[in-house]
$ cat structure25.pdb   # PDB, C-alpha atoms
ATOM      1  CA  MET D   1       3.783  48.013 -40.894
ATOM      2  CA  ALA D   2       3.406  50.967 -38.566
ATOM      3  CA  ASP D   3       2.623  54.343 -40.063
ATOM      4  CA  GLN D   4       5.977  55.422 -41.435
ATOM      5  CA  THR D   5       5.499  58.911 -39.960
ATOM      6  CA  PHE D   6       5.780  57.404 -36.488
ATOM      7  CA  ASN D   7       8.414  54.723 -37.072
ATOM      8  CA  ASP D   8      11.092  56.538 -35.100
ATOM      9  CA  ASP D   9       8.835  57.674 -32.251
ATOM     10  CA  PRO D  10       8.333  54.978 -29.572
ATOM     11  CA  GLN D  11       5.380  56.864 -28.113
ATOM     12  CA  HIS D  12       3.433  56.127 -31.282
ATOM     13  CA  GLU D  13       4.295  52.473 -31.684
ATOM     14  CA  PRO D  14       1.152  50.454 -32.366
ATOM     15  CA  THR D  15      -0.298  48.297 -29.625
ATOM     16  CA  ALA D  16      -1.103  44.631 -30.111
ATOM     17  CA  THR D  17      -4.808  45.493 -30.091
ATOM     18  CA  SER D  18      -4.510  48.139 -32.792
ATOM     19  CA  THR D  19      -2.287  45.882 -34.882
ATOM     20  CA  TRP D  20      -4.757  43.006 -34.660
ATOM     21  CA  SER D  21      -7.654  45.314 -35.503
ATOM     22  CA  ARG D  22      -5.777  46.502 -38.572
ATOM     23  CA  LEU D  23      -5.039  42.927 -39.667
ATOM     24  CA  LEU D  24      -8.689  41.938 -39.264
ATOM     25  CA  ALA D  25      -9.741  44.980 -41.286
ATOM     26  CA  GLY D  26      -7.356  43.853 -44.010
ATOM     27  CA  ASN D  27      -8.828  40.362 -43.876
ATOM     28  CA  ARG D  28     -12.325  41.762 -44.331
ATOM     29  CA  ARG D  29     -11.122  43.645 -47.406
ATOM     30  CA  PHE D  30      -9.601  40.437 -48.735
ATOM     31  CA  ALA D  31     -12.812  38.449 -48.172
ATOM     32  CA  GLN D  32     -14.805  41.168 -49.947
ATOM     33  CA  GLY D  33     -12.370  41.414 -52.868
ATOM     34  CA  LYS D  34     -11.507  45.012 -51.976
ATOM     35  CA  MET D  35      -7.783  44.688 -51.231
ATOM     36  CA  THR D  36      -5.711  47.872 -51.166
ATOM     37  CA  HIS D  37      -2.315  46.144 -51.494
ATOM     38  CA  ALA D  38      -0.772  48.862 -49.334
ATOM     39  CA  TRP D  39       2.977  49.037 -48.651
ATOM     40  CA  GLN D  40       3.896  47.056 -51.753
ATOM     41  CA  ASP D  41       5.439  49.880 -53.806
ATOM     42  CA  ARG D  42       9.024  50.719 -54.670
ATOM     43  CA  GLU D  43       9.268  53.438 -52.005
ATOM     44  CA  THR D  44       8.314  50.991 -49.269
ATOM     45  CA  ARG D  45      10.712  48.349 -50.567
ATOM     46  CA  GLU D  46      13.597  50.831 -50.573
ATOM     47  CA  SER D  47      12.727  52.085 -47.076
ATOM     48  CA  LEU D  48      13.138  48.548 -45.726
ATOM     49  CA  ILE D  49      16.526  47.727 -47.234
ATOM     50  CA  ASP D  50      18.519  48.323 -44.041
ATOM     51  CA  SER D  51      16.036  47.364 -41.325
ATOM     52  CA  GLN D  52      12.608  45.990 -40.530
ATOM     53  CA  ARG D  53      10.044  46.805 -37.869
ATOM     54  CA  PRO D  54       7.085  44.462 -38.282
ATOM     55  CA  ASP D  55       4.185  44.904 -35.888
ATOM     56  CA  ALA D  56       3.207  41.229 -35.778
ATOM     57  CA  ALA D  57       4.656  37.746 -36.069
ATOM     58  CA  VAL D  58       2.564  34.955 -37.571
ATOM     59  CA  LEU D  59       3.026  31.212 -37.281
ATOM     60  CA  SER D  60       0.869  29.595 -39.933
ATOM     61  CA  CYS D  61       0.514  26.479 -42.047
ATOM     62  CA  SER D  62       2.560  26.154 -45.239
ATOM     63  CA  ASP D  63      -0.605  25.432 -47.232
ATOM     64  CA  SER D  64      -0.419  27.349 -50.522
ATOM     65  CA  ARG D  65      -3.998  28.561 -50.052
ATOM     66  CA  VAL D  66      -3.235  30.350 -46.789
ATOM     67  CA  PRO D  67      -0.540  33.018 -47.347
ATOM     68  CA  PRO D  68      -0.869  35.377 -44.354
ATOM     69  CA  GLU D  69       0.276  38.531 -46.163
ATOM     70  CA  ILE D  70      -2.446  38.064 -48.778
ATOM     71  CA  ILE D  71      -5.361  37.051 -46.570
ATOM     72  CA  PHE D  72      -4.634  40.004 -44.250
ATOM     73  CA  ASP D  73      -4.079  42.385 -47.213
ATOM     74  CA  ALA D  74      -0.707  43.300 -45.722
ATOM     75  CA  GLY D  75       2.448  44.634 -47.322
ATOM     76  CA  LEU D  76       6.227  44.626 -47.145
ATOM     77  CA  GLY D  77       7.525  44.861 -43.587
ATOM     78  CA  ASP D  78       4.111  44.339 -41.984
ATOM     79  CA  MET D  79       4.570  40.899 -40.485
ATOM     80  CA  PHE D  80       7.296  38.408 -39.619
ATOM     81  CA  THR D  81       5.967  35.114 -40.956
ATOM     82  CA  VAL D  82       6.983  31.540 -40.098
ATOM     83  CA  ARG D  83       5.253  28.717 -41.955
ATOM     84  CA  THR D  84       5.346  24.961 -41.428
ATOM     85  CA  ALA D  85       2.928  22.170 -42.333
ATOM     86  CA  GLY D  86       0.243  22.159 -39.655
ATOM     87  CA  GLN D  87       2.017  25.146 -38.026
ATOM     88  CA  ILE D  88       4.095  22.615 -36.099
ATOM     89  CA  ILE D  89       6.828  23.847 -33.767
ATOM     90  CA  ASP D  90      10.455  22.769 -33.895
ATOM     91  CA  ASP D  91      13.686  24.389 -32.727
ATOM     92  CA  SER D  92      14.018  26.597 -35.814
ATOM     93  CA  VAL D  93      10.427  27.818 -35.421
ATOM     94  CA  LEU D  94      11.072  28.644 -31.766
ATOM     95  CA  ALA D  95      14.259  30.515 -32.605
ATOM     96  CA  SER D  96      12.519  32.475 -35.356
ATOM     97  CA  LEU D  97       9.588  33.526 -33.186
ATOM     98  CA  GLU D  98      11.856  34.390 -30.261
ATOM     99  CA  TYR D  99      13.878  36.589 -32.613
ATOM    100  CA  ALA D 100      10.690  38.374 -33.665
ATOM    101  CA  VAL D 101       9.729  38.982 -30.031
ATOM    102  CA  ASP D 102      13.102  39.856 -28.493
ATOM    103  CA  LYS D 103      14.928  41.519 -31.406
ATOM    104  CA  LEU D 104      12.169  42.923 -33.589
ATOM    105  CA  HIS D 105       9.912  43.713 -30.606
ATOM    106  CA  VAL D 106       6.644  42.559 -32.157
ATOM    107  CA  SER D 107       3.785  42.970 -29.705
ATOM    108  CA  LEU D 108       1.429  40.523 -31.418
ATOM    109  CA  LEU D 109       1.971  36.846 -32.228
ATOM    110  CA  VAL D 110      -0.734  35.125 -34.272
ATOM    111  CA  ILE D 111      -1.060  31.331 -34.387
ATOM    112  CA  LEU D 112      -3.032  30.810 -37.589
ATOM    113  CA  GLY D 113      -4.626  27.480 -38.465
ATOM    114  CA  HIS D 114      -7.067  26.919 -41.286
ATOM    115  CA  GLN D 115      -9.998  24.983 -42.659
ATOM    116  CA  HIS D 116      -9.299  21.665 -44.448
ATOM    117  CA  CYS D 117      -5.829  21.348 -42.944
ATOM    118  CA  GLY D 118      -4.024  18.433 -44.592
ATOM    119  CA  ALA D 119      -1.769  17.913 -41.578
ATOM    120  CA  ILE D 120      -4.838  17.376 -39.391
ATOM    121  CA  GLN D 121      -6.264  14.924 -41.909
ATOM    122  CA  ALA D 122      -2.972  13.015 -42.150
ATOM    123  CA  ALA D 123      -2.623  12.758 -38.381
ATOM    124  CA  ASP D 124      -6.246  11.633 -38.017
ATOM    125  CA  GLN D 125      -5.737   8.940 -40.648
ATOM    126  CA  GLN D 126      -2.527   7.689 -39.046
ATOM    127  CA  LEU D 127      -4.208   7.551 -35.651
ATOM    128  CA  GLY D 128      -6.809   5.272 -37.226
ATOM    129  CA  VAL D 129      -4.010   2.977 -38.441
ATOM    130  CA  LEU D 130      -2.454   2.918 -34.984
ATOM    131  CA  ALA D 131      -5.830   2.379 -33.306
ATOM    132  CA  SER D 132      -6.576  -0.593 -35.575
ATOM    133  CA  ARG D 133      -3.181  -2.047 -34.716
ATOM    134  CA  VAL D 134      -3.882  -1.688 -30.994
ATOM    135  CA  ARG D 135      -7.370  -3.179 -31.200
ATOM    136  CA  HIS D 136      -6.982  -5.814 -33.902
ATOM    137  CA  GLY D 137      -3.274  -6.240 -34.553
ATOM    138  CA  ASP D 138      -3.721  -4.961 -38.123
ATOM    139  CA  ASP D 139      -0.589  -3.267 -39.488
ATOM    140  CA  SER D 140      -1.993  -2.549 -42.945
ATOM    141  CA  SER D 141      -2.983   1.041 -43.664
ATOM    142  CA  GLU D 142      -5.210  -0.217 -46.480
ATOM    143  CA  THR D 143      -7.468  -2.241 -44.200
ATOM    144  CA  ALA D 144      -7.227  -0.071 -41.099
ATOM    145  CA  GLN D 145     -10.343   1.569 -39.743
ATOM    146  CA  SER D 146     -10.623   5.284 -39.080
ATOM    147  CA  LEU D 147     -10.115   6.377 -35.498
ATOM    148  CA  ALA D 148     -13.786   7.337 -35.312
ATOM    149  CA  SER D 149     -14.808   3.852 -36.460
ATOM    150  CA  VAL D 150     -12.602   2.159 -33.885
ATOM    151  CA  ILE D 151     -14.084   4.322 -31.123
ATOM    152  CA  ASP D 152     -17.615   3.652 -32.425
ATOM    153  CA  ASP D 153     -16.950  -0.098 -32.216
ATOM    154  CA  ILE D 154     -15.784   0.284 -28.627
ATOM    155  CA  GLU D 155     -18.796   2.391 -27.673
ATOM    156  CA  ALA D 156     -21.099  -0.233 -29.188
ATOM    157  CA  MET D 157     -19.956  -2.828 -26.644
ATOM    158  CA  GLY D 158     -22.800  -4.003 -24.463
ATOM    159  CA  ASP D 159     -20.940  -3.457 -21.175
ATOM    160  CA  ALA D 160     -20.550   0.283 -20.482
ATOM    161  CA  GLN D 161     -17.706  -0.211 -18.001
ATOM    162  CA  ALA D 162     -15.866  -2.535 -20.360
ATOM    163  CA  ALA D 163     -16.273   0.006 -23.155
ATOM    164  CA  GLN D 164     -14.878   2.784 -20.993
ATOM    165  CA  ASP D 165     -11.941   0.651 -19.927
ATOM    166  CA  ALA D 166     -11.238  -0.283 -23.556
ATOM    167  CA  GLN D 167     -11.344   3.352 -24.674
ATOM    168  CA  ASP D 168      -9.071   4.447 -21.821
ATOM    169  CA  GLN D 169      -6.621   1.711 -22.764
ATOM    170  CA  LEU D 170      -6.751   2.693 -26.446
ATOM    171  CA  GLU D 171      -6.072   6.360 -25.680
ATOM    172  CA  GLU D 172      -3.153   5.456 -23.409
ATOM    173  CA  SER D 173      -1.690   3.177 -26.069
ATOM    174  CA  LEU D 174      -1.997   5.862 -28.757
ATOM    175  CA  GLU D 175      -0.323   8.432 -26.521
ATOM    176  CA  ASN D 176       2.599   6.022 -26.132
ATOM    177  CA  LEU D 177       2.772   5.194 -29.846
ATOM    178  CA  LEU D 178       2.576   8.734 -31.248
ATOM    179  CA  PRO D 179       6.133   9.752 -30.276
ATOM    180  CA  GLU D 180       7.394   6.795 -32.328
ATOM    181  CA  ALA D 181       5.515   7.752 -35.510
ATOM    182  CA  GLN D 182       7.782   8.147 -38.541
ATOM    183  CA  SER D 183       6.231  11.409 -39.687
ATOM    184  CA  PRO D 184       7.153  14.531 -37.658
ATOM    185  CA  ILE D 185       3.794  15.978 -38.663
ATOM    186  CA  VAL D 186       1.965  13.021 -37.111
ATOM    187  CA  ARG D 187       4.148  13.224 -33.997
ATOM    188  CA  SER D 188       3.363  16.925 -33.611
ATOM    189  CA  VAL D 189      -0.260  17.124 -34.758
ATOM    190  CA  GLY D 190      -1.403  13.697 -33.523
ATOM    191  CA  PRO D 191      -1.636  14.761 -29.854
ATOM    192  CA  SER D 192      -4.047  17.557 -30.834
ATOM    193  CA  VAL D 193      -6.234  15.120 -32.768
ATOM    194  CA  LEU D 194      -6.216  12.665 -29.872
ATOM    195  CA  GLN D 195      -7.023  15.445 -27.408
ATOM    196  CA  ALA D 196     -10.021  16.451 -29.534
ATOM    197  CA  TYR D 197     -11.326  12.875 -29.663
ATOM    198  CA  GLU D 198     -10.915  12.548 -25.911
ATOM    199  CA  ALA D 199     -13.148  15.635 -25.611
ATOM    200  CA  GLN D 200     -15.646  13.943 -27.976
ATOM    201  CA  LEU D 201     -14.887  16.379 -30.793
ATOM    202  CA  ARG D 202     -14.705  14.664 -34.177
ATOM    203  CA  ASP D 203     -15.539  17.390 -36.653
ATOM    204  CA  HIS D 204     -12.359  18.498 -38.406
ATOM    205  CA  ALA D 205     -13.186  22.151 -37.794
ATOM    206  CA  ASP D 206     -13.233  21.472 -34.055
ATOM    207  CA  ILE D 207     -10.029  19.426 -34.289
ATOM    208  CA  GLU D 208      -8.366  22.343 -36.103
ATOM    209  CA  ARG D 209      -9.408  24.663 -33.275
ATOM    210  CA  VAL D 210      -8.046  22.263 -30.674
ATOM    211  CA  HIS D 211      -4.756  22.083 -32.572
ATOM    212  CA  ILE D 212      -4.420  25.866 -32.590
ATOM    213  CA  ALA D 213      -4.951  25.967 -28.823
ATOM    214  CA  HIS D 214      -2.505  23.089 -28.367
ATOM    215  CA  THR D 215       0.084  24.906 -30.511
ATOM    216  CA  ILE D 216      -0.173  28.025 -28.350
ATOM    217  CA  GLU D 217       0.211  25.939 -25.199
ATOM    218  CA  GLU D 218       3.242  24.142 -26.609
ATOM    219  CA  LEU D 219       4.860  27.382 -27.746
ATOM    220  CA  VAL D 220       4.526  28.998 -24.341
ATOM    221  CA  ASP D 221       5.695  25.853 -22.549
ATOM    222  CA  ARG D 222       8.824  25.522 -24.694
ATOM    223  CA  SER D 223       9.929  29.157 -24.939
ATOM    224  CA  GLN D 224      11.216  31.012 -21.883
ATOM    225  CA  PRO D 225      11.667  34.284 -23.840
ATOM    226  CA  ILE D 226       8.040  34.187 -24.953
ATOM    227  CA  GLN D 227       6.929  33.339 -21.416
ATOM    228  CA  GLN D 228       8.833  36.390 -20.183
ATOM    229  CA  ALA D 229       7.395  38.674 -22.867
ATOM    230  CA  LEU D 230       3.882  37.601 -21.882
ATOM    231  CA  ALA D 231       4.653  38.135 -18.183
ATOM    232  CA  ASP D 232       6.044  41.604 -18.940
ATOM    233  CA  GLU D 233       2.934  42.403 -21.028
ATOM    234  CA  ARG D 234       5.140  43.063 -24.054
ATOM    235  CA  LEU D 235       3.342  40.413 -26.096
ATOM    236  CA  ILE D 236      -0.133  39.123 -26.797
ATOM    237  CA  ILE D 237      -0.760  35.773 -28.497
ATOM    238  CA  VAL D 238      -3.826  35.339 -30.690
ATOM    239  CA  GLY D 239      -5.313  32.054 -31.866
ATOM    240  CA  ALA D 240      -7.097  32.254 -35.223
ATOM    241  CA  ARG D 241      -8.433  29.986 -37.963
ATOM    242  CA  TYR D 242      -8.753  30.912 -41.622
ATOM    243  CA  CYS D 243     -11.986  29.748 -43.283
ATOM    244  CA  MET D 244     -11.501  29.011 -46.964
ATOM    245  CA  ASP D 245     -15.260  29.018 -47.603
ATOM    246  CA  THR D 246     -15.610  32.686 -46.679
ATOM    247  CA  GLY D 247     -12.081  34.085 -46.816
ATOM    248  CA  LEU D 248     -12.508  35.316 -43.249
ATOM    249  CA  VAL D 249     -10.321  34.683 -40.215
ATOM    250  CA  GLU D 250     -12.136  33.261 -37.195
ATOM    251  CA  VAL D 251     -10.761  34.650 -33.915
ATOM    252  CA  LEU D 252     -10.401  31.895 -31.316
ATOM    253  CA  SER D 253      -8.593  33.723 -28.534
ATOM    254  CA  PHE D 254      -7.241  37.191 -27.867
TER     255      PHE D 254
END
$ encode --input "structure25.pdb" --output "structure tokens"
Amino acid sequence: MADQTFNDDPQHEPTATSTWSRLLAGNRRFAQGKMTHAWQDRETRESLIDSQRPDAAVLSCSDSRVPPEIIFDAGLGDMFTVRTAGQIIDDSVLASLEYAVDKLHVSLLVILGHQHCGAIQAADQQLGVLASRVRHGDDSSETAQSLASVIDDIEAMGDAQAAQDAQDQLEESLENLLPEAQSPIVRSVGPSVLQAYEAQLRDHADIERVHIAHTIEELVDRSQPIQQALADERLIIVGARYCMDTGLVEVLSF
């Protein structure tokens, strides 16, 4: 939340850079166990009854271990938060973030992924089931190989050209099958996992980073109001990943 002294003076509204710097400072306090818990008192609560002026919007995962207000040591009115499993985007998410940008005039939008994301793991597992079905006709999730194992089997083929053709065919088949997946999480997160594998990235940390970048790309592609805010330099989008091991937020793009 902006300094309350300046709330009614547009000349003193915080910039996206200063807001992000303040959030990162709060995250460092959190990681060090030195939280200040600012803006969480009765006076602040009462000052926000009739209106809100958050500086930032955050789209993050619903994971109970990743509450943005806590990991950034933020308070009431500081950030407009939208949370879905795997920070996936649907129409309600778009409408919420567009409201934050156009009506609340936030200048910073943070796309926050995290370490050990269950949505990533679920999508990776389901891709393995689909890949086994494509390669071996096996519909059983119990006997299906992981996606990495299926790709390893293809790469182990003696003929390099045949292996490349088989992998290209597998990736094309998976791209066609993903939109038909029963789980909306798999439909939304699966393309990020597949994109990471196509770039020869298999570590889940790297897949999580790819998914954050893919989420930003999807958000901008689907939202004309956000496109316009970026073009008018009224908004900056940040990609970030929360590391549970350290408590720190890794900045991916700014």
$ resolve_selection --input "structure25.pdb" --expression "the PyMOL selection byres ((chain D and resi 115) around 12)" --output "JSON list (two decimals) with C-alpha atoms, keeping the file's coordinate frame"
[["chain", "number", "residue", "atom", "x", "y", "z"],
["D", 61, "CYS", "CA", 0.51, 26.48, -42.05],
["D", 63, "ASP", "CA", -0.60, 25.43, -47.23],
["D", 65, "ARG", "CA", -4.00, 28.56, -50.05],
["D", 66, "VAL", "CA", -3.24, 30.35, -46.79],
["D", 86, "GLY", "CA", 0.24, 22.16, -39.66],
["D", 112, "LEU", "CA", -3.03, 30.81, -37.59],
["D", 113, "GLY", "CA", -4.63, 27.48, -38.47],
["D", 114, "HIS", "CA", -7.07, 26.92, -41.29],
["D", 116, "HIS", "CA", -9.30, 21.66, -44.45],
["D", 117, "CYS", "CA", -5.83, 21.35, -42.94],
["D", 118, "GLY", "CA", -4.02, 18.43, -44.59],
["D", 119, "ALA", "CA", -1.77, 17.91, -41.58],
["D", 120, "ILE", "CA", -4.84, 17.38, -39.39],
["D", 121, "GLN", "CA", -6.26, 14.92, -41.91],
["D", 203, "ASP", "CA", -15.54, 17.39, -36.65],
["D", 204, "HIS", "CA", -12.36, 18.50, -38.41],
["D", 205, "ALA", "CA", -13.19, 22.15, -37.79],
["D", 206, "ASP", "CA", -13.23, 21.47, -34.06],
["D", 207, "ILE", "CA", -10.03, 19.43, -34.29],
["D", 208, "GLU", "CA", -8.37, 22.34, -36.10],
["D", 209, "ARG", "CA", -9.41, 24.66, -33.28],
["D", 211, "HIS", "CA", -4.76, 22.08, -32.57],
["D", 212, "ILE", "CA", -4.42, 25.87, -32.59],
["D", 240, "ALA", "CA", -7.10, 32.25, -35.22],
["D", 241, "ARG", "CA", -8.43, 29.99, -37.96],
["D", 242, "TYR", "CA", -8.75, 30.91, -41.62],
["D", 243, "CYS", "CA", -11.99, 29.75, -43.28],
["D", 244, "MET", "CA", -11.50, 29.01, -46.96],
["D", 245, "ASP", "CA", -15.26, 29.02, -47.60],
["D", 246, "THR", "CA", -15.61, 32.69, -46.68],
["D", 247, "GLY", "CA", -12.08, 34.08, -46.82],
["D", 248, "LEU", "CA", -12.51, 35.32, -43.25],
["D", 249, "VAL", "CA", -10.32, 34.68, -40.22],
["D", 250, "GLU", "CA", -12.14, 33.26, -37.20]]
$ closest_residue --input "structure25.pdb" --among "D:Gln145, D:Gln228, D:Thr215, D:Ser132" --to "Leu174 of chain D" --atoms "all atoms listed in the file"
D:Ser132
$ resolve_selection --input "structure25.pdb" --expression "the PyMOL selection byres ((chain D and resi 165-173) around 9)" --output "number ranges by chain"
D: 130-131, 134-135, 151, 154-155, 160-164, 174-178, 194, 198
$ resolve_selection --input "structure25.pdb" --expression "the PyMOL selection byres ((chain D and resi 124) around 9)" --output "list in words"
Ala119, Ile120, Gln121, Ala122, Ala123, Gln125, Gln126, Leu127, Gly128, Val129, Ser146, Leu147, Val186, Val189, Gly190, Val193 and Leu194 of chain D
$ closest_residue --input "structure25.pdb" --among "D:Tyr197, D:Phe72, D:Tyr99, D:Phe80" --to "Thr36 of chain D" --atoms "all atoms listed in the file"
D:Phe72
$ closest_residue --input "structure25.pdb" --among "D:Ser18, D:Val58, D:Ile89, D:Arg28" --to "Ile185 of chain D" --atoms "only C-alpha atoms"
D:Ile89
$ closest_residue --input "structure25.pdb" --among "D:Glu180, D:Asp55, D:Asp50, D:Glu233" --to "Val110 of chain D" --atoms "only C-alpha atoms"
D:Asp55
$ atom_distance --input "structure25.pdb" --atom1 "atom CA of Pro191 of chain D" --atom2 "atom CA of Pro225 of chain D"
24.4 Å
$ residues_around --input "structure25.pdb" --residues "Ala229 of chain D" --least-positions-apart "4" --cutoff "12 Å" --atoms "all atoms listed in the file" --output "ChimeraX atom specification"
/D:97-103,105-109,220,223-225,233-237
$ write_last_selection --input "structure25.pdb" --atoms "C-alpha atoms" --output "mmCIF file, in the frame of the given file"
data_model
loop_
_atom_site.group_PDB
_atom_site.id
_atom_site.type_symbol
_atom_site.label_atom_id
_atom_site.label_comp_id
_atom_site.auth_asym_id
_atom_site.auth_seq_id
_atom_site.Cartn_x
_atom_site.Cartn_y
_atom_site.Cartn_z
ATOM 1 C CA LEU D 97 9.588 33.526 -33.186
ATOM 2 C CA GLU D 98 11.856 34.390 -30.261
ATOM 3 C CA TYR D 99 13.878 36.589 -32.613
ATOM 4 C CA ALA D 100 10.690 38.374 -33.665
ATOM 5 C CA VAL D 101 9.729 38.982 -30.031
ATOM 6 C CA ASP D 102 13.102 39.856 -28.493
ATOM 7 C CA LYS D 103 14.928 41.519 -31.406
ATOM 8 C CA HIS D 105 9.912 43.713 -30.606
ATOM 9 C CA VAL D 106 6.644 42.559 -32.157
ATOM 10 C CA SER D 107 3.785 42.970 -29.705
ATOM 11 C CA LEU D 108 1.429 40.523 -31.418
ATOM 12 C CA LEU D 109 1.971 36.846 -32.228
ATOM 13 C CA VAL D 220 4.526 28.998 -24.341
ATOM 14 C CA SER D 223 9.929 29.157 -24.939
ATOM 15 C CA GLN D 224 11.216 31.012 -21.883
ATOM 16 C CA PRO D 225 11.667 34.284 -23.840
ATOM 17 C CA GLU D 233 2.934 42.403 -21.028
ATOM 18 C CA ARG D 234 5.140 43.063 -24.054
ATOM 19 C CA LEU D 235 3.342 40.413 -26.096
ATOM 20 C CA ILE D 236 -0.133 39.123 -26.797
ATOM 21 C CA ILE D 237 -0.760 35.773 -28.497
#
$ closest_residue --input "structure25.pdb" --among "D:Leu252, D:Asp73, D:Glu46, D:Leu59" --to "Leu219 of chain D" --atoms "only C-alpha atoms"
D:Leu59
$ atom_distance --input "structure25.pdb" --atom1 "atom CA of Thr15 of chain D" --atom2 "atom CA of Ser92 of chain D"
26.7 Å
$ atom_distance --input "structure25.pdb" --atom1 "atom CA of Gly26 of chain D" --atom2 "atom CA of Trp39 of chain D"
12.5 Å
$ closest_residue --input "structure25.pdb" --among "D:Ala74, D:Gly137, D:Ala156, D:Ser60" --to "Gln87 of chain D" --atoms "all atoms listed in the file"
D:Ser60
$ axis_aligned_box --input "structure25.pdb" --around "segment 239-248 of chain D" --padding-each-side "8 Å" --output "AutoDock Vina command-line options"
--center_x -10.5 --center_y 32.2 --center_z -39.7 --size_x 26.3 --size_y 22.3 --size_z 31.7
